[in-house]
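K.L.:
One structure is given below, represented as structure tokens, and several questions about it will come after.
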Amino acid sequence: MELDMEAMAASIGVSVPVIRFLLCFVATIPVSFLWRLVPGRVAKHLYSAIAGALLSYLSFGFSSNLHFLVPMLSGYAAMVLYRPKCGIITFFLGFGYLIGCHVYYMSGDAWKQGGIDATGALMVLTLKVISCAMNYNDGLLKEEDLREAQKKHRLIKLPSLIEYFGYCLCCGSHFAGPVYEMKDYLDWTEGKGIWAHSEKGPSPSPYVATLRALAQAAFCMAMYLNLAPYHPLSWFTDPAYHKWGFWRKLSYQYMSGFTMRWKYYFIWSISEASIIISGLGFSGWTESSPPKPKWDQAKLVDILGFELAKSSVLLPLVWNIQVSTWLRHYVYERLVKKGKKPGFFQLLATQTVSAVWHGLYPGYIIFFVQSALMIAGSRAIYQWEKAVPANMGLMKKALALMNFVYTLLVLNYSCVGFMVLSMHETLASYGSVYYIGTILPIAMIVLGYVIPVKPARSKDRKEQLSVARQKIQVQNHLNRLNKPAVKTIQSPDGDIIDCVHMSHQPAFDHPFLKDHKVQMRPSYHPEGLFDENKVSDTDTEKPKQHSNSITQLWHINGKCPQGTIPIRRTKEEDVLRASSVKRYGKKKHRAIPQPRSADPDLINESGHQHAIAYVEGGKYYGAKATINVWEPKIQQPNEFSLSQLWILGGSFGEDLNSIEAGWQVSPDLYGDNNTRLFTYWTSDAYQATGCYNLLCSGFIQINSEIAMGASISPVSAYRNSQYDISILVWKDPKEGHWWMQFGNDYVLGYWPSFLFSYLADSASMIEWGGEVVNSEPDGHHTSTQMGSGRFPEEGFGKSSYFRNIQVVDDSNNLKAPKGLGTFTEQSNCYDVQTGSNGDWGHYFYYGGPGKNPNCP
């Protein structure tokens with residue numbers, strides 16, 4: 001076998017250790033594929049750890065795994081023994097050991113001369129260990145003190161030892177990267193977050209993306225093998241080279257750098273293929289229609305983006321992408337003091353850490369210091385380009401071209417040090433072109449001070465002050481909404497659920513509720529609740545019932561303790577999406593369907609369209625329905641689609657009282673397209689009172705298991721499994737409060753009667769159905785779907801439905817509604833059809849696609 005390997009190595013001009021490494025490296029692709037077939041979470045962690053250790057042994061020998069154990073165990077020990085400082089301890093221990101190995105093995109010389117050892121893999125492993133410890137450290141800190149990346153990746157719970165080893169050695173990904181986060185690894189292994197099973201369809205297939213990465217790897221290897229013989233690094237010290245003219249030397253520097261990069265492109269393409277085929281490379285879906293899977297978690301380099309970079313500032317974003325991201329999150333950003341902007345110090349420190357990570361060769365140090373100068377000089381050119389007025393387009397283009405040429409020249413001049421490593425060869429190469437690549441960046445930096453950018457105009461200054469004031473307003477609002485948490489739970493969909501003591505919930509910010517004694521249960525339940533278990537199994541036109549078939553996504557990661565309530569944490573970006581801080585969490589005026597008016601002018605004015613069933617003309621003390629749950633498509637972020645029941649009192653003027661509950665998809669309110677449980681109330685037609693969920697004082701929650709505004713899972717799929725939720729809202733005849741129940745088991749809380757005027761007595765109208773917002777002007781229609789996006793006549797499994805529709809009468813009994821009417825503004829866009837039978841009671845199908853040939 002050794003002779004065969006020697007022959008293989010000789011055929012492509014590499015050493016036996018390198019060919020052995022390459023064979024094991026390529027083997028990470030089938031090894032990663034087989035990970036998908038391993039059953040069970042613990043088995044997957046074991047497979048990851050054992051496969052990674054075995055590949056390391058075959059590549060570098062037994063000593064490699066001993067080297068890996070040192071940073072892995074020291075990092076885990078730091079997390080166990082001293083969590084408050086485990087991040088910084090692991091940083092210095094990990095880098096200290098890595099530097100020792102670099103010095104001992106002189107790995108740079110070995111790589112340069114065609115050899116290889118385990119230090120390259122140790123480099124990647126060190127970054128993984130440090131990030132895990134820092135994220136566990138961040139789990140102790142207050143969220144308001146964390147940056148967005150820290151909030152996303154922080155670890156509340158210590159990973160088990162087998163999870164930790166699986167993460168560190170996962171299927172040989174430590175050979176060349178990418179560096180990924182422990183939280184992503186756990187979500188991937190456990191099928192959570194973006195890797196959770198979706199009712200949209202099967203998991204994305206990785207095979208096309210894997211083949212694309214392999215084709216890229218083959219092309220890169222071909223480029224390297226064909227170019228490398230003509231551009232040896234030894235020429236930089238050859239006397240013949242120094243006799244060449246200036247431009248020929250400069251072009252040779254460019255071609256040397258260009259040639260050597262293809263070796264890295266090949267390695268990273270193989271690594272990308274390995275991560276993609278395992279599924280870990282998946283990073284979500286595009287917003288296109290139909291959506292396409294993204295594989296950015298595996299992306300290590302953007303070849304065209306690097307070779308044609310318009311600015312040096314862009315280079316770290318497209319070269320060794322995951323390591324650059326690591327340096328930004330764990331070095332650059334953490335060196336910036338709160339309230340301060342990053343400067344040259346943070347840039348230089350980050351580049352220095354990167355240099356030390358690569359090894360203590362003078363060429364590395366020179367290259368990364370040179371890179372800091374290169375980026376700073378490029379920024380100066382970019383600032384001049386930004387300062388040029390818009391009407392001087394030619395000057396802007398000239399400066400943009402100047403930045404591109406500058407980047408091309410200085411990059412390939414600088415990277416000689418990275419390739420040759422020694423001080424003598426680096427300085428000989430730089431000196432041969434009169435240090436042009438060092439003088440130019442310094443000149444640009446100096447000129448940046450000599451020719452400063454003009455100060456911002458007064459209008460810009462006003463805008464800056466306005467932004468600053470808005471930030472203060474947003475932060476103050478967040479401080480009011482986000483109450484101190486007893487426990488925090490990270491939901492797979494990105495939500496943060498705070499378990500807040502019941503007495504600290506937002507309801508008690510209301511001046512009339514400061515001394516309110518919480519009523520822990522209603523005095524009376526409505527009688528005659530529809531028995532959900534009596535649905536006939538022989539009726540093929542109706543769904544079979546499944547108890548507890550719907551949950552909320554955050555339940556996957558924990559539950560709130562008794563005595564607390566779960567509250568979806570409001571983030572800064574949530575508030576910033578609103579038209580103003582004051583209007584955050586509030587509906588617009590005129591959002592109630594008015595069955596007595598289908599005036600087209602009213603439709604265009606309100607922008608809301610409905611398909612509902614309703615009763616009116618009596619006194620109503622509550623309503624109930626079981627609502628089919630879907631995930632309708634939303635055309636514009638400022639539109640929404642919901643399905644709910646309305647408890648209404650008063651006229652449809654400024655005195656309207658309303659209590660609403662159901663499910664909705666609202667990108668503007670929640671920042672995503674998830675289907676979520678929601679409530680709303682108002683006592684003045686949405687003008688000043690009321691809000692969604694718990695985003696203002698009013699609703700008093702007593703339940704510790706259901707979070708208002710949290711995602712519902714699973715949802716119904718076309719011609720597939722159907723899911724529904726049951727909602728009951730009724731007025732307690734003794735206390736007068738309006739109570740809400742979710743499903744058969746969860747009494748969520750109540751709206752105190754004093755919040756309302758008309759509803760303090762009873763409701764005069766009940767409505768059930770769907771609503772969308774149409775943002776299209778001039779009578780045109782949105783393609784935002786209502787319900788399932790299908791018209792009612794398609795029936796069960798295709799169209800959305802409400803079933804078991806009931807009202808609560810003055811005797812606190814649930815009764816079938818009498819005189820059930822229907823209403824829709826334009827039935828060609830969204831429609832509704834009612835029916836009744838023994839199993840479903842009164843029901844209706846409703847919804848539609850919006851814009852279509854009959855609804856322009």
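Within each chain, counting starts at residue 1; across the structure tokens, chains are named A, B, ... in the order shown, with ligands numbered 1 upward in that order.
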Using DSSP secondary structure from the backbone, list all alpha helix (DSSP H) positions within region 256-425 of chain A, as number ranges by chain.

P.N.:
A: 256-278, 303-307, 315-318, 321-327, 344-358, 362-387, 393-420, 423-425

K.L.:
Applying 6 Å and only C-alpha atoms, which residues near region 405-420 of chain A remain after dropping the ones on its own chain fewer than 6 positions away? List them as an mmCIF file with all heavy atoms, in the first residue's frame.

P.N.:
```
data_model
loop_
_atom_site.group_PDB
_atom_site.id
_atom_site.type_symbol
_atom_site.label_atom_id
_atom_site.label_comp_id
_atom_site.auth_asym_id
_atom_site.auth_seq_id
_atom_site.Cartn_x
_atom_site.Cartn_y
_atom_site.Cartn_z
ATOM 1 N N TYR A 254 1.852 39.001 -8.707
ATOM 2 C CA TYR A 254 0.419 38.759 -8.879
ATOM 3 C C TYR A 254 0.161 37.301 -9.252
ATOM 4 O O TYR A 254 -0.684 36.626 -8.661
ATOM 5 C CB TYR A 254 -0.170 39.669 -9.951
ATOM 6 C CG TYR A 254 -1.591 39.291 -10.317
ATOM 7 C CD1 TYR A 254 -2.650 39.662 -9.505
ATOM 8 C CD2 TYR A 254 -1.860 38.501 -11.438
ATOM 9 C CE1 TYR A 254 -3.950 39.280 -9.798
ATOM 10 C CE2 TYR A 254 -3.147 38.107 -11.749
ATOM 11 C CZ TYR A 254 -4.191 38.501 -10.920
ATOM 12 O OH TYR A 254 -5.465 38.112 -11.211
ATOM 13 N N GLY A 257 0.721 34.780 -6.308
ATOM 14 C CA GLY A 257 -0.403 34.775 -5.371
ATOM 15 C C GLY A 257 -1.629 34.127 -5.982
ATOM 16 O O GLY A 257 -2.323 33.320 -5.345
ATOM 17 N N SER A 311 -12.897 46.341 -3.142
ATOM 18 C CA SER A 311 -12.261 47.041 -2.029
ATOM 19 C C SER A 311 -11.580 46.019 -1.125
ATOM 20 O O SER A 311 -12.070 44.891 -0.974
ATOM 21 C CB SER A 311 -13.307 47.837 -1.238
ATOM 22 O OG SER A 311 -12.812 48.231 0.019
ATOM 23 N N SER A 312 -10.465 46.417 -0.522
ATOM 24 C CA SER A 312 -9.765 45.518 0.408
ATOM 25 C C SER A 312 -10.627 45.184 1.619
ATOM 26 O O SER A 312 -10.442 44.138 2.254
ATOM 27 C CB SER A 312 -8.458 46.164 0.879
ATOM 28 O OG SER A 312 -7.637 46.474 -0.219
ATOM 29 N N GLY A 363 6.928 35.904 8.018
ATOM 30 C CA GLY A 363 6.098 36.182 6.845
ATOM 31 C C GLY A 363 4.630 36.354 7.196
ATOM 32 O O GLY A 363 3.942 37.224 6.648
ATOM 33 N N TYR A 364 4.117 35.525 8.134
ATOM 34 C CA TYR A 364 2.727 35.666 8.579
ATOM 35 C C TYR A 364 2.516 37.011 9.274
ATOM 36 O O TYR A 364 1.540 37.725 9.002
ATOM 37 C CB TYR A 364 2.364 34.532 9.546
ATOM 38 C CG TYR A 364 2.143 33.185 8.904
ATOM 39 C CD1 TYR A 364 2.499 32.018 9.582
ATOM 40 C CD2 TYR A 364 1.571 33.062 7.641
ATOM 41 C CE1 TYR A 364 2.299 30.762 9.008
ATOM 42 C CE2 TYR A 364 1.358 31.818 7.075
ATOM 43 C CZ TYR A 364 1.725 30.677 7.751
ATOM 44 O OH TYR A 364 1.521 29.438 7.179
ATOM 45 N N PHE A 367 2.618 39.784 6.789
ATOM 46 C CA PHE A 367 1.431 39.779 5.937
ATOM 47 C C PHE A 367 0.210 40.370 6.642
ATOM 48 O O PHE A 367 -0.510 41.192 6.063
ATOM 49 C CB PHE A 367 1.114 38.353 5.474
ATOM 50 C CG PHE A 367 -0.241 38.223 4.824
ATOM 51 C CD1 PHE A 367 -0.461 38.710 3.549
ATOM 52 C CD2 PHE A 367 -1.303 37.648 5.508
ATOM 53 C CE1 PHE A 367 -1.719 38.614 2.954
ATOM 54 C CE2 PHE A 367 -2.550 37.548 4.929
ATOM 55 C CZ PHE A 367 -2.754 38.029 3.644
ATOM 56 N N THR A 426 10.643 37.436 2.217
ATOM 57 C CA THR A 426 9.567 38.430 2.190
ATOM 58 C C THR A 426 10.122 39.809 1.865
ATOM 59 O O THR A 426 9.623 40.511 0.969
ATOM 60 C CB THR A 426 8.836 38.471 3.537
ATOM 61 O OG1 THR A 426 8.304 37.182 3.827
ATOM 62 C CG2 THR A 426 7.701 39.480 3.509
ATOM 63 N N GLY A 437 3.781 48.244 -2.299
ATOM 64 C CA GLY A 437 2.558 47.792 -1.636
ATOM 65 C C GLY A 437 2.471 48.187 -0.182
ATOM 66 O O GLY A 437 1.403 48.050 0.438
#
```

K.L.:
If we count only C-alpha atoms and set the cut-off at 7 Å, which residues sit around Glu767 (chain A), ignoring sequence neighbours fewer than 4 positions away in its own chain? Please answer as a ChimeraX atom specification.

P.N.:
/A:612-615,645-647

K.L.:
Among region 367-554 of chain A, which residues does DSSP mark as strand (DSSP E or B) when it is run on the backbone? Keep the chain and numbering as in the structure and answer as JSON, numbers by chain.

P.N.:
{"A": [485, 486, 487, 488, 489, 490, 496, 497, 498, 499, 500, 501, 527, 551, 552]}

K.L.:
Excluding Pro593 (chain A) and its own-chain neighbours fewer than 5 positions away, which residues fall within 9 Å of it when counting only C-alpha atoms? Please give them as a PyMOL selection string.

P.N.:
chain A and resi 608-612+767+771+823-825

K.L.:
Can you tell me how far CA of Pro849 (chain A) sits from CA of Pro637 (chain A), in Å to one decimal?

P.N.:
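Taking CA of Pro849 (chain A) as the start and CA of Pro637 (chain A) as the end point, the length is 16.7 Å.
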
K.L.:
Measuring between only C-alpha atoms, which one of A:Ala49, A:Ile365, A:Thr626, A:Lys192 shows the shortest distance to Asn557 (chain A)?

P.N.:
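Closest to Asn557 (chain A), using only C-alpha atoms: A:Lys192.
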
K.L.:
Pick out the residues sitting within 7 Å of region 491-506 of chain A, and hand them over as a PDB file with N, CA and C atoms, in the first residue's frame; count only C-alpha atoms, and ignore anything fewer than 5 positions along from it in its own chain.

P.N.:
```
ATOM      1  N   LYS A 192     -33.487  20.447  15.300  1.00  0.00           N
ATOM      2  CA  LYS A 192     -34.179  21.637  15.793  1.00  0.00           C
ATOM      3  C   LYS A 192     -33.838  22.846  14.925  1.00  0.00           C
ATOM      4  N   GLY A 193     -34.442  23.998  15.259  1.00  0.00           N
ATOM      5  CA  GLY A 193     -34.141  25.217  14.532  1.00  0.00           C
ATOM      6  C   GLY A 193     -34.453  25.068  13.058  1.00  0.00           C
ATOM      7  N   LEU A 481     -41.330  46.752  28.361  1.00  0.00           N
ATOM      8  CA  LEU A 481     -41.992  45.513  27.922  1.00  0.00           C
ATOM      9  C   LEU A 481     -41.318  44.260  28.466  1.00  0.00           C
ATOM     10  N   LYS A 483     -39.815  42.279  31.005  1.00  0.00           N
ATOM     11  CA  LYS A 483     -39.719  42.219  32.460  1.00  0.00           C
ATOM     12  C   LYS A 483     -38.612  41.248  32.888  1.00  0.00           C
ATOM     13  N   PRO A 484     -38.084  41.408  34.097  1.00  0.00           N
ATOM     14  CA  PRO A 484     -37.039  40.491  34.585  1.00  0.00           C
ATOM     15  C   PRO A 484     -37.524  39.046  34.568  1.00  0.00           C
ATOM     16  N   ALA A 485     -36.679  38.168  34.062  1.00  0.00           N
ATOM     17  CA  ALA A 485     -37.072  36.768  33.878  1.00  0.00           C
ATOM     18  C   ALA A 485     -36.521  35.879  34.983  1.00  0.00           C
ATOM     19  N   VAL A 486     -37.367  34.950  35.433  1.00  0.00           N
ATOM     20  CA  VAL A 486     -36.922  33.910  36.366  1.00  0.00           C
ATOM     21  C   VAL A 486     -36.129  32.851  35.602  1.00  0.00           C
ATOM     22  N   LEU A 553     -43.582  25.960  19.529  1.00  0.00           N
ATOM     23  CA  LEU A 553     -42.218  25.515  19.244  1.00  0.00           C
ATOM     24  C   LEU A 553     -41.282  25.625  20.438  1.00  0.00           C
ATOM     25  N   TRP A 554     -41.473  26.645  21.255  1.00  0.00           N
ATOM     26  CA  TRP A 554     -40.537  26.849  22.364  1.00  0.00           C
ATOM     27  C   TRP A 554     -40.602  25.722  23.396  1.00  0.00           C
ATOM     28  N   ASN A 557     -37.644  23.206  23.999  1.00  0.00           N
ATOM     29  CA  ASN A 557     -36.445  23.506  24.794  1.00  0.00           C
ATOM     30  C   ASN A 557     -36.727  23.767  26.264  1.00  0.00           C
ATOM     31  N   CYS A 560     -41.905  26.814  31.517  1.00  0.00           N
ATOM     32  CA  CYS A 560     -41.784  27.810  32.580  1.00  0.00           C
ATOM     33  C   CYS A 560     -42.233  27.225  33.917  1.00  0.00           C
ATOM     34  N   GLY A 563     -46.093  29.623  38.775  1.00  0.00           N
ATOM     35  CA  GLY A 563     -45.990  30.960  39.357  1.00  0.00           C
ATOM     36  C   GLY A 563     -45.425  31.983  38.404  1.00  0.00           C
ATOM     37  N   THR A 564     -44.988  31.518  37.200  1.00  0.00           N
ATOM     38  CA  THR A 564     -44.504  32.442  36.175  1.00  0.00           C
ATOM     39  C   THR A 564     -45.394  32.314  34.948  1.00  0.00           C
ATOM     40  N   ILE A 565     -45.272  33.262  34.041  1.00  0.00           N
ATOM     41  CA  ILE A 565     -45.959  33.167  32.752  1.00  0.00           C
ATOM     42  C   ILE A 565     -44.922  33.345  31.641  1.00  0.00           C
ATOM     43  N   PRO A 566     -45.104  32.670  30.492  1.00  0.00           N
ATOM     44  CA  PRO A 566     -44.149  32.821  29.388  1.00  0.00           C
ATOM     45  C   PRO A 566     -44.480  34.064  28.564  1.00  0.00           C
ATOM     46  N   ILE A 567     -43.481  34.889  28.331  1.00  0.00           N
ATOM     47  CA  ILE A 567     -43.664  36.095  27.524  1.00  0.00           C
ATOM     48  C   ILE A 567     -42.629  36.101  26.416  1.00  0.00           C
ATOM     49  N   ARG A 568     -43.075  36.237  25.180  1.00  0.00           N
ATOM     50  CA  ARG A 568     -42.147  36.352  24.048  1.00  0.00           C
ATOM     51  C   ARG A 568     -41.405  37.677  24.159  1.00  0.00           C
ATOM     52  N   ARG A 569     -40.072  37.582  24.222  1.00  0.00           N
ATOM     53  CA  ARG A 569     -39.276  38.802  24.408  1.00  0.00           C
ATOM     54  C   ARG A 569     -39.328  39.676  23.160  1.00  0.00           C
ATOM     55  N   LEU A 694     -49.336  40.617  24.826  1.00  0.00           N
ATOM     56  CA  LEU A 694     -49.022  41.272  26.101  1.00  0.00           C
ATOM     57  C   LEU A 694     -48.163  42.509  25.873  1.00  0.00           C
ATOM     58  N   CYS A 696     -48.946  45.541  25.841  1.00  0.00           N
ATOM     59  CA  CYS A 696     -49.352  46.692  26.646  1.00  0.00           C
ATOM     60  C   CYS A 696     -50.062  46.137  27.878  1.00  0.00           C
ATOM     61  N   SER A 697     -50.412  46.984  28.803  1.00  0.00           N
ATOM     62  CA  SER A 697     -51.149  46.523  29.981  1.00  0.00           C
ATOM     63  C   SER A 697     -52.604  46.262  29.594  1.00  0.00           C
ATOM     64  N   ILE A 702     -52.586  33.935  33.437  1.00  0.00           N
ATOM     65  CA  ILE A 702     -52.370  33.101  34.619  1.00  0.00           C
ATOM     66  C   ILE A 702     -51.716  31.772  34.261  1.00  0.00           C
TER      67      ILE A 702
END
```

K.L.:
Measure the distance from CA of Ser775 (chain A) to CA of Phe678 (chain A) in Å and round it to one decimal.

P.N.:
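Between CA of Ser775 (chain A) and CA of Phe678 (chain A) the gap is 21.7 Å.
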